[in-house]
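Okay, run-v2.cif now, which holds mmCIF, C-alpha atoms, pLDDT in the B column; chains and numbers go by the auth columns:
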data_protein
#
loop_
_atom_site.group_PDB
_atom_site.id
_atom_site.type_symbol
_atom_site.label_atom_id
_atom_site.label_comp_id
_atom_site.label_asym_id
_atom_site.label_seq_id
_atom_site.Cartn_x
_atom_site.Cartn_y
_atom_site.Cartn_z
_atom_site.B_iso_or_equiv
_atom_site.auth_seq_id
_atom_site.auth_asym_id
ATOM 1 C CA MET A 1 56.307 -46.756 -3.279 78.00 1013 A
ATOM 2 C CA ILE A 2 55.138 -44.140 -0.798 82.00 1014 A
ATOM 3 C CA LEU A 3 55.183 -40.434 -1.734 83.00 1015 A
ATOM 4 C CA GLU A 4 55.384 -38.046 1.232 85.00 1016 A
ATOM 5 C CA GLU A 5 54.935 -34.346 0.442 85.00 1017 A
ATOM 6 C CA ARG A 6 57.266 -31.962 2.269 90.00 1018 A
ATOM 7 C CA SER A 7 56.898 -28.283 3.225 90.00 1019 A
ATOM 8 C CA ILE A 8 57.910 -26.944 -0.210 92.00 1020 A
ATOM 9 C CA PRO A 9 54.992 -27.353 -2.648 91.00 1021 A
ATOM 10 C CA GLY A 10 55.693 -30.181 -5.089 89.00 1022 A
ATOM 11 C CA LEU A 11 58.659 -31.619 -3.129 88.00 1023 A
ATOM 12 C CA PHE A 12 58.199 -35.281 -2.218 87.00 1024 A
ATOM 13 C CA VAL A 13 60.323 -37.881 -0.461 90.00 1025 A
ATOM 14 C CA LEU A 14 59.750 -41.260 -2.089 85.00 1026 A
ATOM 15 C CA GLU A 15 60.158 -44.473 -0.098 87.00 1027 A
ATOM 16 C CA SER A 16 60.506 -47.817 -1.844 81.00 1028 A
ATOM 17 C CA PRO A 17 61.284 -51.267 -0.456 82.00 1029 A
ATOM 18 C CA VAL A 18 64.910 -52.408 -0.384 85.00 1030 A
ATOM 19 C CA HIS A 19 65.493 -56.126 -0.889 85.00 1031 A
ATOM 20 C CA GLY A 20 68.842 -57.188 0.513 85.00 1032 A
ATOM 21 C CA ASP A 21 70.773 -60.381 1.029 84.00 1033 A
ATOM 22 C CA GLU A 22 74.403 -61.536 1.087 88.00 1034 A
ATOM 23 C CA ARG A 23 74.849 -60.313 -2.517 80.00 1035 A
ATOM 24 C CA GLY A 24 73.853 -56.717 -1.755 82.00 1036 A
ATOM 25 C CA PHE A 25 70.496 -55.067 -2.356 79.00 1037 A
ATOM 26 C CA PHE A 26 67.915 -54.320 -5.039 83.00 1038 A
ATOM 27 C CA ARG A 27 65.240 -51.660 -5.218 79.00 1039 A
ATOM 28 C CA GLU A 28 62.911 -50.087 -7.756 81.00 1040 A
ATOM 29 C CA TRP A 29 63.504 -46.363 -7.304 80.00 1041 A
ATOM 30 C CA PHE A 30 61.127 -45.120 -10.003 81.00 1042 A
ATOM 31 C CA GLN A 31 57.793 -46.419 -11.249 80.00 1043 A
ATOM 32 C CA LEU A 32 55.529 -44.080 -13.200 79.00 1044 A
ATOM 33 C CA PHE A 33 52.470 -45.895 -11.876 78.00 1045 A
ATOM 34 C CA ASP A 34 53.259 -44.779 -8.305 77.00 1046 A
ATOM 35 C CA PHE A 35 53.418 -41.141 -9.397 74.00 1047 A
ATOM 36 C CA GLU A 36 50.155 -41.383 -11.289 77.00 1048 A
ATOM 37 C CA ALA A 37 48.468 -43.014 -8.277 73.00 1049 A
ATOM 38 C CA ALA A 38 49.494 -39.944 -6.224 71.00 1050 A
ATOM 39 C CA ASP A 39 48.237 -37.554 -8.946 73.00 1051 A
ATOM 40 C CA GLU A 40 51.787 -36.512 -9.838 77.00 1052 A
ATOM 41 C CA THR A 41 53.065 -36.535 -13.396 79.00 1053 A
ATOM 42 C CA PHE A 42 56.638 -37.111 -14.485 84.00 1054 A
ATOM 43 C CA SER A 43 58.048 -37.999 -17.872 88.00 1055 A
ATOM 44 C CA VAL A 44 61.704 -38.962 -18.228 92.00 1056 A
ATOM 45 C CA GLU A 45 63.655 -37.186 -20.978 92.00 1057 A
ATOM 46 C CA GLN A 46 67.198 -37.443 -19.594 96.00 1058 A
ATOM 47 C CA ALA A 47 69.104 -39.460 -16.967 95.00 1059 A
ATOM 48 C CA ASN A 48 72.253 -38.221 -15.199 96.00 1060 A
ATOM 49 C CA LEU A 49 74.838 -39.768 -12.891 97.00 1061 A
ATOM 50 C CA SER A 50 77.334 -37.792 -10.785 97.00 1062 A
ATOM 51 C CA PHE A 51 80.232 -39.238 -8.768 98.00 1063 A
ATOM 52 C CA SER A 52 81.961 -36.978 -6.216 98.00 1064 A
ATOM 53 C CA ALA A 53 84.327 -37.064 -3.241 98.00 1065 A
ATOM 54 C CA ARG A 54 83.600 -35.954 0.342 98.00 1066 A
ATOM 55 C CA ASP A 55 82.845 -32.218 0.741 98.00 1067 A
ATOM 56 C CA VAL A 56 82.082 -31.699 -2.948 98.00 1068 A
ATOM 57 C CA VAL A 57 79.195 -29.239 -3.143 98.00 1069 A
ATOM 58 C CA ARG A 58 77.312 -29.216 -6.430 97.00 1070 A
ATOM 59 C CA ALA A 59 74.744 -26.474 -6.015 94.00 1071 A
ATOM 60 C CA LEU A 60 72.429 -24.636 -6.304 98.00 1072 A
ATOM 61 C CA HIS A 61 71.183 -25.280 -9.849 97.00 1073 A
ATOM 62 C CA TYR A 62 67.829 -24.655 -11.509 98.00 1074 A
ATOM 63 C CA SER A 63 66.380 -24.465 -15.005 97.00 1075 A
ATOM 64 C CA LEU A 64 64.294 -21.842 -16.772 97.00 1076 A
ATOM 65 C CA ALA A 65 63.254 -24.366 -19.437 94.00 1077 A
ATOM 66 C CA PRO A 66 59.817 -23.347 -20.762 92.00 1078 A
ATOM 67 C CA ARG A 67 58.400 -26.794 -19.929 89.00 1079 A
ATOM 68 C CA GLY A 68 60.068 -26.778 -16.519 91.00 1080 A
ATOM 69 C CA GLN A 69 62.521 -29.367 -15.301 95.00 1081 A
ATOM 70 C CA ALA A 70 61.535 -31.675 -12.461 95.00 1082 A
ATOM 71 C CA LYS A 71 63.959 -34.312 -11.129 96.00 1083 A
ATOM 72 C CA VAL A 72 63.724 -37.659 -9.396 96.00 1084 A
ATOM 73 C CA VAL A 73 66.937 -38.072 -7.386 97.00 1085 A
ATOM 74 C CA THR A 74 68.459 -40.987 -5.471 97.00 1086 A
ATOM 75 C CA CYS A 75 71.821 -41.942 -4.003 97.00 1087 A
ATOM 76 C CA ALA A 76 73.374 -44.975 -5.706 96.00 1088 A
ATOM 77 C CA GLN A 77 76.561 -45.126 -3.611 97.00 1089 A
ATOM 78 C CA GLY A 78 77.699 -43.501 -0.379 98.00 1090 A
ATOM 79 C CA GLU A 79 75.806 -40.762 1.460 98.00 1091 A
ATOM 80 C CA LEU A 80 74.872 -37.195 0.652 98.00 1092 A
ATOM 81 C CA ASP A 81 72.746 -34.330 1.827 98.00 1093 A
ATOM 82 C CA ASP A 82 70.361 -33.351 -0.946 98.00 1094 A
ATOM 83 C CA VAL A 83 69.258 -29.713 -0.818 98.00 1095 A
ATOM 84 C CA VAL A 84 66.181 -28.138 -2.386 98.00 1096 A
ATOM 85 C CA VAL A 85 65.583 -24.361 -2.302 98.00 1097 A
ATOM 86 C CA ASP A 86 62.318 -22.804 -3.436 98.00 1098 A
ATOM 87 C CA VAL A 87 63.318 -19.970 -5.786 98.00 1099 A
ATOM 88 C CA ARG A 88 59.926 -19.661 -7.507 98.00 1100 A
ATOM 89 C CA VAL A 89 58.774 -16.054 -7.307 98.00 1101 A
ATOM 90 C CA GLY A 90 55.303 -15.971 -5.744 97.00 1102 A
ATOM 91 C CA SER A 91 55.637 -19.326 -3.969 97.00 1103 A
ATOM 92 C CA PRO A 92 54.390 -19.406 -0.373 97.00 1104 A
ATOM 93 C CA THR A 93 57.737 -20.983 0.570 97.00 1105 A
ATOM 94 C CA TYR A 94 59.991 -18.704 -1.551 98.00 1106 A
ATOM 95 C CA GLY A 95 63.534 -18.757 -0.141 97.00 1107 A
ATOM 96 C CA ALA A 96 62.868 -21.803 2.074 98.00 1108 A
ATOM 97 C CA HIS A 97 65.083 -24.850 1.862 98.00 1109 A
ATOM 98 C CA GLU A 98 64.961 -28.503 2.858 98.00 1110 A
ATOM 99 C CA VAL A 99 67.903 -30.825 3.435 98.00 1111 A
ATOM 100 C CA ILE A 100 67.210 -34.529 2.971 98.00 1112 A
ATOM 101 C CA THR A 101 69.905 -37.096 3.713 98.00 1113 A
ATOM 102 C CA LEU A 102 70.089 -39.886 1.152 98.00 1114 A
ATOM 103 C CA ARG A 103 72.101 -43.088 1.610 97.00 1115 A
ATOM 104 C CA ALA A 104 72.617 -45.876 -0.883 95.00 1116 A
ATOM 105 C CA GLY A 105 70.246 -48.656 0.038 89.00 1117 A
ATOM 106 C CA ASP A 106 67.980 -46.589 2.297 94.00 1118 A
ATOM 107 C CA GLY A 107 65.033 -46.778 -0.092 92.00 1119 A
ATOM 108 C CA LYS A 108 64.650 -43.007 -0.393 96.00 1120 A
ATOM 109 C CA SER A 109 64.414 -40.825 -3.467 95.00 1121 A
ATOM 110 C CA ILE A 110 63.268 -37.257 -3.920 96.00 1122 A
ATOM 111 C CA LEU A 111 60.889 -35.703 -6.429 95.00 1123 A
ATOM 112 C CA VAL A 112 62.208 -32.175 -6.988 96.00 1124 A
ATOM 113 C CA PRO A 113 59.553 -29.955 -8.589 95.00 1125 A
ATOM 114 C CA ALA A 114 60.262 -27.763 -11.593 95.00 1126 A
ATOM 115 C CA GLY A 115 61.440 -24.272 -10.766 95.00 1127 A
ATOM 116 C CA VAL A 116 63.288 -25.003 -7.545 97.00 1128 A
ATOM 117 C CA ALA A 117 67.058 -24.972 -7.062 98.00 1129 A
ATOM 118 C CA HIS A 118 68.757 -28.272 -6.314 98.00 1130 A
ATOM 119 C CA GLY A 119 72.148 -29.307 -5.029 98.00 1131 A
ATOM 120 C CA PHE A 120 73.976 -31.713 -2.786 98.00 1132 A
ATOM 121 C CA VAL A 121 77.076 -32.295 -0.685 98.00 1133 A
ATOM 122 C CA VAL A 122 78.763 -35.680 -0.372 98.00 1134 A
ATOM 123 C CA THR A 123 79.091 -36.614 3.315 98.00 1135 A
ATOM 124 C CA SER A 124 80.776 -40.018 2.884 98.00 1136 A
ATOM 125 C CA GLU A 125 84.237 -40.722 1.419 98.00 1137 A
ATOM 126 C CA THR A 126 82.645 -40.769 -2.058 98.00 1138 A
ATOM 127 C CA GLY A 127 79.083 -40.597 -3.306 98.00 1139 A
ATOM 128 C CA THR A 128 77.148 -41.260 -6.471 97.00 1140 A
ATOM 129 C CA ILE A 129 73.843 -39.580 -7.243 97.00 1141 A
ATOM 130 C CA VAL A 130 71.571 -40.533 -10.110 97.00 1142 A
ATOM 131 C CA TYR A 131 68.633 -38.516 -11.307 95.00 1143 A
ATOM 132 C CA LEU A 132 65.950 -38.492 -13.940 96.00 1144 A
ATOM 133 C CA LEU A 133 64.984 -35.206 -15.595 96.00 1145 A
ATOM 134 C CA SER A 134 61.612 -34.286 -17.071 95.00 1146 A
ATOM 135 C CA SER A 135 63.264 -32.111 -19.741 95.00 1147 A
ATOM 136 C CA PRO A 136 66.735 -32.154 -21.296 94.00 1148 A
ATOM 137 C CA TYR A 137 69.646 -29.954 -20.282 93.00 1149 A
ATOM 138 C CA GLU A 138 69.569 -26.602 -22.119 94.00 1150 A
ATOM 139 C CA PRO A 139 72.810 -24.672 -21.413 92.00 1151 A
ATOM 140 C CA GLY A 140 71.397 -21.170 -21.853 92.00 1152 A
ATOM 141 C CA LEU A 141 68.523 -21.892 -19.465 96.00 1153 A
ATOM 142 C CA GLU A 142 70.496 -23.573 -16.666 96.00 1154 A
ATOM 143 C CA LEU A 143 71.413 -21.152 -13.865 98.00 1155 A
ATOM 144 C CA GLU A 144 72.927 -21.322 -10.409 98.00 1156 A
ATOM 145 C CA ILE A 145 72.735 -19.480 -7.096 98.00 1157 A
ATOM 146 C CA ASP A 146 75.534 -19.232 -4.532 98.00 1158 A
ATOM 147 C CA ALA A 147 75.244 -22.320 -2.320 98.00 1159 A
ATOM 148 C CA PHE A 148 76.499 -20.286 0.636 98.00 1160 A
ATOM 149 C CA ASP A 149 74.070 -17.372 0.227 98.00 1161 A
ATOM 150 C CA PRO A 150 73.392 -16.197 3.807 98.00 1162 A
ATOM 151 C CA GLU A 151 69.800 -15.284 2.887 97.00 1163 A
ATOM 152 C CA ILE A 152 69.123 -18.968 2.210 98.00 1164 A
ATOM 153 C CA GLY A 153 71.314 -20.312 5.027 98.00 1165 A
ATOM 154 C CA VAL A 154 71.774 -23.939 3.991 98.00 1166 A
ATOM 155 C CA PRO A 155 73.542 -25.833 6.817 98.00 1167 A
ATOM 156 C CA TRP A 156 76.038 -27.716 4.642 98.00 1168 A
ATOM 157 C CA ARG A 157 77.596 -30.650 6.532 97.00 1169 A
ATOM 158 C CA LEU A 158 81.277 -30.225 5.701 98.00 1170 A
ATOM 159 C CA THR A 159 84.418 -31.663 7.248 98.00 1171 A
ATOM 160 C CA SER A 160 86.758 -29.321 5.349 97.00 1172 A
ATOM 161 C CA GLU A 161 86.623 -26.531 2.793 97.00 1173 A
ATOM 162 C CA PRO A 162 83.945 -27.167 0.155 98.00 1174 A
ATOM 163 C CA VAL A 163 85.078 -28.287 -3.281 98.00 1175 A
ATOM 164 C CA ARG A 164 83.095 -26.446 -5.985 98.00 1176 A
ATOM 165 C CA SER A 165 83.327 -25.750 -9.679 97.00 1177 A
ATOM 166 C CA ALA A 166 84.484 -22.295 -10.733 97.00 1178 A
ATOM 167 C CA LYS A 167 80.986 -21.618 -12.079 97.00 1179 A
ATOM 168 C CA ASP A 168 79.328 -22.548 -8.773 98.00 1180 A
ATOM 169 C CA ALA A 169 81.868 -20.533 -6.758 98.00 1181 A
ATOM 170 C CA ALA A 170 81.087 -17.441 -8.857 98.00 1182 A
ATOM 171 C CA ALA A 171 77.300 -17.889 -8.722 98.00 1183 A
ATOM 172 C CA PRO A 172 75.256 -14.816 -7.784 98.00 1184 A
ATOM 173 C CA LEU A 173 73.099 -14.508 -4.679 98.00 1185 A
ATOM 174 C CA LEU A 174 69.365 -15.263 -4.740 98.00 1186 A
ATOM 175 C CA ALA A 175 68.556 -11.530 -4.424 98.00 1187 A
ATOM 176 C CA GLU A 176 70.765 -10.774 -7.435 98.00 1188 A
ATOM 177 C CA ARG A 177 69.000 -13.397 -9.564 98.00 1189 A
ATOM 178 C CA ARG A 178 65.630 -11.993 -8.497 98.00 1190 A
ATOM 179 C CA ALA A 179 66.650 -8.385 -9.284 98.00 1191 A
ATOM 180 C CA ALA A 180 67.827 -9.530 -12.731 98.00 1192 A
ATOM 181 C CA GLY A 181 64.504 -11.280 -13.407 97.00 1193 A
ATOM 182 C CA GLU A 182 66.259 -14.646 -13.638 98.00 1194 A
ATOM 183 C CA LEU A 183 64.013 -16.732 -11.407 98.00 1195 A
ATOM 184 C CA PRO A 184 61.069 -18.953 -12.351 97.00 1196 A
ATOM 185 C CA LEU A 185 57.513 -18.071 -11.394 96.00 1197 A
ATOM 186 C CA TYR A 186 55.390 -20.155 -9.056 95.00 1198 A
ATOM 187 C CA LEU A 187 52.478 -21.715 -10.883 85.00 1199 A
ATOM 188 C CA ALA A 188 50.042 -23.098 -8.296 76.00 1200 A
#
Whole structure given in structure tokens:
Amino acid sequence: MILEERSIPGLFVLESPVHGDERGFFREWFQLFDFEAADETFSVEQANLSFSARDVVRALHYSLAPRGQAKVVTCAQGELDDVVVDVRVGSPTYGAHEVITLRAGDGKSILVPAGVAHGFVVTSETGTIVYLLSSPYEPGLELEIDAFDPEIGVPWRLTSEPVRSAKDAAAPLLAERRAAGELPLYLA
């Protein structure tokens, strides 16, 4: 596996071989050894799977868990645009975002560092995303930011109106979360 660091500190795109034949394909999308070899640590405490239809936007979510909550994300079916926004106060890339297209069978995964907001939009008819979390879901510590916050300016690839949960649609802006003291701190 190859780990390629991106512009947001701690964000990596992971590339692993895809072995395909007439039956389909196989790939190892997570191996702790590869992380350790790149001086990155990650311990799995929870695994999630999310299936969605085209134009479903699930975003932008982050955790204030005391231990942090990093994620390793991959697309198991379909295609999606995975979005990471640096919301860590004091980060040199605070407010910056990256959009990384993931397709089932492309060999790509993403290591999302703790303290950043994460989301995605399904760009195929349907899409399935799977992700490993370094700490478990804690309802009172899981927050969201408006995915369409103009300050962030994520270029969501949509073919129609976005489909969002009521909670995501009512999410505050990044500036509102910052004013309320509800953002994580950047720990270099």
Tell me which residues the PyMOL selection byres ((chain A and resi 1038) around 12) grabs here, as a tab-separated table (two decimals) with C-alpha atoms, in the coordinates of the input.
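Saved as part.tsv:
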chain	number	residue	atom	x	y	z
A	1028	SER	CA	60.51	-47.82	-1.84
A	1029	PRO	CA	61.28	-51.27	-0.46
A	1030	VAL	CA	64.91	-52.41	-0.38
A	1031	HIS	CA	65.49	-56.13	-0.89
A	1032	GLY	CA	68.84	-57.19	0.51
A	1033	ASP	CA	70.77	-60.38	1.03
A	1034	GLU	CA	74.40	-61.54	1.09
A	1035	ARG	CA	74.85	-60.31	-2.52
A	1036	GLY	CA	73.85	-56.72	-1.76
A	1037	PHE	CA	70.50	-55.07	-2.36
A	1039	ARG	CA	65.24	-51.66	-5.22
A	1040	GLU	CA	62.91	-50.09	-7.76
A	1041	TRP	CA	63.50	-46.36	-7.30
A	1088	ALA	CA	73.37	-44.98	-5.71
A	1116	ALA	CA	72.62	-45.88	-0.88
A	1117	GLY	CA	70.25	-48.66	0.04
A	1118	ASP	CA	67.98	-46.59	2.30
A	1119	GLY	CA	65.03	-46.78	-0.09
Would you mind listing, for every residue of segment 1025-1118 of chain A within 8 Å of segment 1135-1158 of chain A, the two atoms forming the shortest contact and the distance between them in Å to one decimal, using only C-alpha atoms, sorted by chain and ascending residue number, as CSV?
residue,atom,partner,partner_atom,distance
A:Phe1054,CA,A:Ser1146,CA,6.3
A:Ser1055,CA,A:Ser1146,CA,5.2
A:Val1056,CA,A:Ser1146,CA,4.8
A:Glu1057,CA,A:Ser1147,CA,5.2
A:Gln1058,CA,A:Leu1145,CA,5.1
A:Ala1059,CA,A:Leu1144,CA,4.5
A:Asn1060,CA,A:Tyr1143,CA,5.3
A:Leu1061,CA,A:Val1142,CA,4.4
A:Ser1062,CA,A:Ile1141,CA,5.3
A:Phe1063,CA,A:Thr1140,CA,4.3
A:Ser1064,CA,A:Gly1139,CA,5.5
A:Ala1065,CA,A:Thr1138,CA,4.2
A:Arg1066,CA,A:Glu1137,CA,4.9
A:Asp1067,CA,A:Thr1135,CA,6.3
A:Ala1071,CA,A:Glu1156,CA,7.0
A:Leu1072,CA,A:Ile1157,CA,5.2
A:His1073,CA,A:Glu1156,CA,4.4
A:Tyr1074,CA,A:Leu1155,CA,5.5
A:Ser1075,CA,A:Glu1154,CA,4.5
A:Leu1076,CA,A:Leu1153,CA,5.0
A:Ala1077,CA,A:Leu1153,CA,5.8
A:Arg1079,CA,A:Ser1147,CA,7.2
A:Gly1080,CA,A:Ser1147,CA,7.0
A:Gln1081,CA,A:Ser1147,CA,5.3
A:Ala1082,CA,A:Ser1146,CA,5.3
A:Lys1083,CA,A:Leu1145,CA,4.7
A:Val1084,CA,A:Leu1144,CA,5.1
A:Val1085,CA,A:Tyr1143,CA,4.3
A:Thr1086,CA,A:Val1142,CA,5.6
A:Cys1087,CA,A:Ile1141,CA,4.5
A:Ala1088,CA,A:Thr1140,CA,5.4
A:Gln1089,CA,A:Thr1140,CA,4.8
A:Gly1090,CA,A:Gly1139,CA,4.3
A:Glu1091,CA,A:Ser1136,CA,5.2
A:Leu1092,CA,A:Thr1135,CA,5.0
A:Asp1093,CA,A:Thr1135,CA,6.9
- Query: Near Val1069 of chain A, within 7 Å and counting all atoms listed in the file, which residues show up once chain neighbours fewer than 3 positions away are dropped, as a ChimeraX atom specification?
  - Reply: /A:1132-1133,1174-1176
Listed atoms of segment 1048-1059 of chain A boxed along x, y and z, 3 Å each side, centre and edge lengths in Å, one decimal, as JSON:
{"center_x": 58.7, "center_y": -39.8, "center_z": -13.6, "size_x": 26.9, "size_y": 12.5, "size_z": 20.8}
Got a sec: who's within 7 Å of Gly1107 of chain A, counting all atoms listed in the file, leaving out chain neighbours fewer than 4 positions off, as an mmCIF file with C-alpha atoms, in the coordinates of the input?
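Contents of part-v7.cif, as written:
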data_model
loop_
_atom_site.group_PDB
_atom_site.id
_atom_site.type_symbol
_atom_site.label_atom_id
_atom_site.label_comp_id
_atom_site.auth_asym_id
_atom_site.auth_seq_id
_atom_site.Cartn_x
_atom_site.Cartn_y
_atom_site.Cartn_z
ATOM 1 C CA VAL A 1097 65.583 -24.361 -2.302
ATOM 2 C CA ASP A 1098 62.318 -22.804 -3.436
ATOM 3 C CA VAL A 1099 63.318 -19.970 -5.786
ATOM 4 C CA ILE A 1164 69.123 -18.968 2.210
#
A straight line from atom CA of Pro1196 of chain A to atom CA of His1109 of chain A spans 15.9 Å
So what does the PyMOL selection byres ((chain A and resi 1188-1191) around 9) actually pick up in this one, as a PDB file with C-alpha atoms, in the frame of the given file?
ATOM      1  CA  VAL A1099      63.318 -19.970  -5.786  1.00 98.00           C
ATOM      2  CA  VAL A1101      58.774 -16.054  -7.307  1.00 98.00           C
ATOM      3  CA  GLU A1156      72.927 -21.322 -10.409  1.00 98.00           C
ATOM      4  CA  ILE A1157      72.735 -19.480  -7.096  1.00 98.00           C
ATOM      5  CA  PRO A1184      75.256 -14.816  -7.784  1.00 98.00           C
ATOM      6  CA  LEU A1185      73.099 -14.508  -4.679  1.00 98.00           C
ATOM      7  CA  LEU A1186      69.365 -15.263  -4.740  1.00 98.00           C
ATOM      8  CA  ALA A1187      68.556 -11.530  -4.424  1.00 98.00           C
ATOM      9  CA  ALA A1192      67.827  -9.530 -12.731  1.00 98.00           C
ATOM     10  CA  GLY A1193      64.504 -11.280 -13.407  1.00 97.00           C
ATOM     11  CA  GLU A1194      66.259 -14.646 -13.638  1.00 98.00           C
ATOM     12  CA  LEU A1195      64.013 -16.732 -11.407  1.00 98.00           C
TER      13      LEU A1195
END
